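**Student:** Next comes my_file_28.cif, mmCIF, C-alpha atoms and all ligand atoms:
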data_entry
#
loop_
_atom_site.label_atom_id
_atom_site.label_comp_id
_atom_site.auth_asym_id
_atom_site.auth_seq_id
_atom_site.Cartn_x
_atom_site.Cartn_y
_atom_site.Cartn_z
CA MET A 1 -9.34 15.34 -2.54
CA ALA A 2 -11.61 12.78 -4.19
CA LEU A 3 -11.98 10.04 -1.62
CA SER A 4 -13.03 7.02 -3.72
CA PRO A 5 -10.10 6.90 -6.20
CA TRP A 6 -7.64 7.63 -3.38
CA LEU A 7 -9.10 4.81 -1.30
CA MET A 8 -8.92 2.30 -4.15
CA GLN A 9 -5.27 3.20 -4.73
CA GLU A 10 -4.50 3.00 -1.01
CA LEU A 11 -6.12 -0.44 -0.70
CA ALA A 12 -4.29 -2.13 -3.59
CA PRO A 13 -1.12 -3.17 -1.68
CA TRP A 14 -3.20 -4.29 1.33
CA ARG A 15 -5.30 -6.51 -0.93
CA GLU A 16 -2.10 -8.19 -2.06
CA ALA A 17 -0.90 -8.69 1.51
CA ALA A 18 -4.28 -10.14 2.54
CA GLN A 19 -4.51 -12.46 -0.43
CA HIS A 20 -0.92 -13.54 0.12
CA LYS A 21 -1.99 -14.73 3.59
CA GLY A 22 -4.97 -16.58 2.12
CA LEU A 23 -7.67 -14.14 3.25
CA ARG A 24 -10.73 -13.24 1.20
CA TRP A 25 -10.85 -9.55 0.40
CA GLN A 26 -14.10 -7.64 -0.20
CA VAL A 27 -14.27 -3.95 -1.01
CA ASN A 28 -17.46 -1.97 -1.42
CA VAL A 29 -16.73 1.72 -1.92
CA PRO A 30 -19.28 3.94 -3.69
CA SER A 31 -17.74 6.02 -6.45
CA ALA A 32 -19.56 9.17 -5.35
CA LEU A 33 -18.10 10.00 -1.95
CA PRO A 34 -17.55 13.69 -1.12
CA GLU A 35 -14.31 15.54 -1.67
CA LEU A 36 -12.38 15.73 1.59
CA THR A 37 -9.70 18.08 2.83
CA LEU A 38 -7.21 15.78 4.47
CA ASP A 39 -3.57 14.89 4.79
CA ALA A 40 -3.60 11.81 2.58
CA ASP A 41 -0.35 10.40 3.98
CA ARG A 42 -1.57 10.62 7.57
CA ILE A 43 -5.01 9.17 6.91
CA GLY A 44 -3.35 6.51 4.76
CA GLN A 45 -1.18 5.60 7.73
CA ALA A 46 -4.18 5.45 10.09
CA LEU A 47 -6.08 3.23 7.66
CA GLY A 48 -3.00 1.08 7.10
CA ASN A 49 -2.57 0.54 10.85
CA VAL A 50 -6.14 -0.71 11.09
CA ILE A 51 -5.93 -2.91 7.97
CA SER A 52 -2.57 -4.38 8.97
CA ASN A 53 -4.13 -5.41 12.30
CA ALA A 54 -7.06 -7.01 10.46
CA ILE A 55 -4.59 -9.02 8.37
CA LYS A 56 -2.40 -9.90 11.36
CA TYR A 57 -5.25 -10.98 13.66
CA THR A 58 -7.23 -13.00 11.09
CA PRO A 59 -6.16 -16.57 10.39
CA ALA A 60 -5.92 -17.86 6.81
CA ASN A 61 -9.28 -18.52 5.12
CA GLY A 62 -10.84 -15.61 6.99
CA GLU A 63 -12.20 -12.51 5.37
CA ILE A 64 -11.56 -8.78 5.42
CA ALA A 65 -14.31 -6.50 4.18
CA ILE A 66 -13.95 -2.77 3.61
CA ASP A 67 -16.87 -0.44 3.08
CA ALA A 68 -17.18 3.30 2.94
CA GLY A 69 -20.06 5.72 2.95
CA GLU A 70 -21.43 9.08 3.90
CA GLU A 71 -23.67 9.91 6.82
CA LYS A 72 -24.83 13.44 7.56
CA ALA A 73 -21.70 15.63 7.60
CA GLU A 74 -19.27 12.72 7.87
CA VAL A 75 -17.63 10.09 5.75
CA TRP A 76 -16.87 6.67 7.20
CA ILE A 77 -14.48 3.89 6.24
CA ARG A 78 -15.17 0.51 7.88
CA VAL A 79 -12.75 -2.41 8.16
CA ARG A 80 -14.28 -5.72 9.26
CA ASP A 81 -12.44 -8.95 9.83
CA THR A 82 -13.40 -12.47 10.82
CA GLY A 83 -10.37 -12.88 13.06
CA VAL A 84 -9.76 -13.55 16.73
CA GLY A 85 -11.77 -10.55 17.96
CA ILE A 86 -11.10 -8.41 21.03
CA PRO A 87 -12.34 -9.38 24.50
CA PRO A 88 -14.88 -6.75 25.64
CA GLU A 89 -12.82 -5.88 28.73
CA GLU A 90 -9.85 -4.97 26.50
CA GLN A 91 -11.75 -2.76 24.08
CA ALA A 92 -11.52 0.35 26.23
CA ARG A 93 -7.72 0.07 26.33
CA ILE A 94 -6.66 -0.85 22.78
CA PHE A 95 -6.26 2.81 21.75
CA GLU A 96 -3.80 3.50 24.58
CA PRO A 97 -0.11 3.80 23.56
CA PHE A 98 1.83 0.54 24.01
CA TYR A 99 -1.24 -1.42 25.04
CA ARG A 100 -1.31 -4.89 23.50
CA GLY A 101 -4.20 -7.25 24.09
CA THR A 102 -3.86 -10.86 25.18
CA THR A 103 -3.99 -11.94 21.53
CA GLY A 104 -1.75 -9.08 20.41
CA ARG A 105 1.00 -10.17 22.78
CA ARG A 106 1.18 -13.54 21.03
CA PHE A 107 2.46 -11.78 17.90
CA PRO A 108 6.10 -10.73 18.10
CA GLN A 109 5.70 -7.93 15.54
CA GLY A 110 4.08 -4.79 16.91
CA MET A 111 4.51 -2.55 19.94
CA GLY A 112 0.93 -1.61 20.65
CA LEU A 113 1.27 1.81 19.02
CA GLY A 114 -0.71 1.31 15.81
CA LEU A 115 -4.18 2.09 17.11
CA SER A 116 -3.10 4.99 19.33
CA ILE A 117 -1.41 6.62 16.32
CA ALA A 118 -4.46 5.94 14.15
CA ARG A 119 -6.73 7.52 16.76
CA ASP A 120 -4.50 10.61 17.08
CA LEU A 121 -4.39 11.09 13.30
CA LEU A 122 -8.17 10.86 13.02
CA VAL A 123 -8.70 13.25 15.93
CA ALA A 124 -6.24 15.73 14.35
CA HIS A 125 -8.59 15.79 11.34
CA GLY A 126 -11.67 16.35 13.49
CA GLY A 127 -12.64 12.72 13.11
CA ARG A 128 -12.61 9.61 15.30
CA ILE A 129 -12.18 5.88 15.28
CA GLU A 130 -14.58 3.35 16.80
CA VAL A 131 -14.38 -0.35 17.51
CA GLU A 132 -17.25 -2.80 17.56
CA ASN A 133 -16.79 -6.34 18.53
CA THR A 134 -18.64 -9.55 18.03
CA PRO A 135 -16.72 -11.94 20.31
CA GLY A 136 -15.73 -15.04 18.39
CA ALA A 137 -16.69 -13.40 15.12
CA GLY A 138 -13.99 -10.85 14.47
CA SER A 139 -13.59 -7.10 14.85
CA THR A 140 -14.93 -4.01 13.14
CA PHE A 141 -13.17 -0.65 13.14
CA THR A 142 -14.80 2.48 11.71
CA LEU A 143 -12.85 5.61 10.80
CA TRP A 144 -14.98 8.79 10.74
CA LEU A 145 -13.93 11.98 8.99
CA PRO A 146 -15.77 15.29 8.76
CA ALA A 147 -16.92 15.86 5.18
CA ARG A 148 -15.94 19.51 5.56
CA LEU A 149 -13.01 20.73 7.64
CA ASP A 150 -14.85 23.88 8.68
CA TYR A 151 -17.44 21.60 10.24
CA TRP A 152 -15.21 21.35 13.30
CA GLN A 153 -13.16 24.56 12.93
CA ASN A 154 -16.23 26.78 13.40
N1 LIG A 201 -8.34 -6.53 14.04
C1 LIG A 201 -8.02 -6.91 15.29
N2 LIG A 201 -8.39 -8.14 15.77
C2 LIG A 201 -8.08 -8.53 17.02
N3 LIG A 201 -7.39 -7.78 17.92
C3 LIG A 201 -6.99 -6.56 17.49
C4 LIG A 201 -7.28 -6.06 16.18
N4 LIG A 201 -6.77 -4.81 16.08
C5 LIG A 201 -6.19 -4.54 17.27
N5 LIG A 201 -6.31 -5.59 18.12
C6 LIG A 201 -5.85 -5.64 19.54
O1 LIG A 201 -5.55 -4.31 19.93
C7 LIG A 201 -4.19 -4.24 20.39
C8 LIG A 201 -3.59 -2.89 20.02
O2 LIG A 201 -3.45 -2.79 18.59
P1 LIG A 201 -2.21 -1.96 18.02
O3 LIG A 201 -2.19 -0.64 18.68
O4 LIG A 201 -2.28 -2.00 16.52
O5 LIG A 201 -0.95 -2.78 18.54
P2 LIG A 201 -0.18 -4.07 17.99
O6 LIG A 201 -0.85 -4.54 16.73
O7 LIG A 201 1.22 -3.59 17.77
O8 LIG A 201 -0.27 -5.08 19.11
C9 LIG A 201 -3.50 -5.45 19.77
O9 LIG A 201 -2.41 -5.86 20.55
C10 LIG A 201 -4.62 -6.48 19.75
O10 LIG A 201 -4.74 -7.09 21.04
MG MG A 202 -1.04 -3.04 15.12
#
Just give me the structure of the file as structure tokens.
**Tutor:**
Amino acid sequence: MALSPWLMQELAPWREAAQHKGLRWQVNVPSALPELTLDADRIGQALGNVISNAIKYTPANGEIAIDAGEEKAEVWIRVRDTGVGIPPEEQARIFEPFYRGTTGRRFPQGMGLGLSIARDLLVAHGGRIEVENTPGAGSTFTLWLPARLDYWQN
């Protein structure tokens, strides 16, 4: 599957949701990413879980920036926001089922499952998801996928 056109199509409704909330929306996806063998619905769900968090946890006038690229035998998709961020002591737990952070608990919508599902879907593809945090300056999540499925099957 050609990743770049799929990604642009997948991002369109999220751009609308972000702009509706008054967030700036930046996308920088090179047109020449490798073809990937993946379950588009599942990876779309994983990406959507991460982007919906970025929208939820970023107050109006903030920014969401999405980049993608290729590194060695992997492709990455990065979602950065300028929102409330994640306290360092909570970062190790946010991928656990039903875990909601201190900020997460302030939002009635959500059960703390989004990131654990996203992680499982990435792992099922031989990939992974990572969080980086700049306290007070938002959150960054990176989804990694093997550029070739046989990279992890062999
Ligand atoms: N972009 C983000 N900015 C700040 N906190 C986040 C972000 N994404 C996730 N979190 C934190 O991680 C927790 C787990 O996320 P998730 O599994 O999607 O659950 P939910 O959004 O239902 O609370 C959230 O409760 C929140 O504390
Ligand atoms: Mg969520």
**Student:** Residues near Pro30 of chain A, anyone? I mean within 8 Å using all atoms listed in the file, not counting same-chain ones fewer than 4 positions away, as a PyMOL selection string.
**Tutor:** chain A and resi 4+68-69
**Student:** Kindly work out which residues sit at most 12 Å from ligand MG 202 (chain A), using all atoms listed in the file, and give the list as a ChimeraX atom specification.
**Tutor:** /A:45-57,94-101,103-105,107-118
**Student:** So that I can check the surroundings of Leu38 of chain A, please list as a PyMOL selection string every protein, DNA and RNA residue that reaches within 9 Å of it, counting all atoms listed in the file and ignoring chain neighbours fewer than 5 positions away.
**Tutor:** chain A and resi 1+43+125+145+149
**Student:** So, with only C-alpha atoms and all ligand atoms as the atoms that count, which of A:Val84, A:Ala73, A:Ile129, A:Ala18 lies closest to ligand LIG 201 (chain A)?
**Tutor:**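 Closest residue, counting only C-alpha atoms and all ligand atoms: A:Val84.
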**Student:** What's the 9 Å shell around Arg24 of chain A, counting all atoms listed in the file, without same-chain residues fewer than 5 positions away, as a VMD selection string?
**Tutor:** chain A and resid 15 18 to 19 60 to 65
**Student:** When you draw a straight line from atom CA of Ile66 of chain A to atom CA of Gly126 of chain A, how long is it in Å?
**Tutor:** 21.6 Å
**Student:** Once you add 8 Å to each side, what are the centre and edge lengths of the axis-aligned box holding all listed atoms of ligand LIG 201 (chain A)? One decimal in Å, as AutoDock Vina command-line options, if you can.
**Tutor:**
--center_x -3.6 --center_y -4.6 --center_z 17.5 --size_x 25.6 --size_y 23.9 --size_z 23.0
**Student:** Quick one: distance from atom CA of Glu71 of chain A to atom CA of Asp120 of chain A in Å, one decimal?
**Tutor:** 21.8 Å
**Student:** Quick check, in Å to one decimal: how far apart do atom CA of Pro13 of chain A and atom N4 of ligand LIG 201 (chain A) lie?
**Tutor:**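 Separation between atom CA of Pro13 of chain A and atom N4 of ligand LIG 201 (chain A): 18.7 Å.
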**Student:** Would you please work out which residue, of A:Ala137, A:Val79, A:Met8, A:Ala124, is nearest to Val29 of chain A when using only C-alpha atoms?
**Tutor:**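 Under the stated criterion, the closest residue is A:Met8.
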**Student:** Of the candidates A:Asp39, A:Glu130, A:Leu23, A:Pro59, which shows the shortest atom-to-atom distance to Arg78 of chain A, using all atoms listed in the file?
**Tutor:**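 Using all atoms listed in the file, the shortest distance to Arg78 of chain A belongs to A:Glu130.
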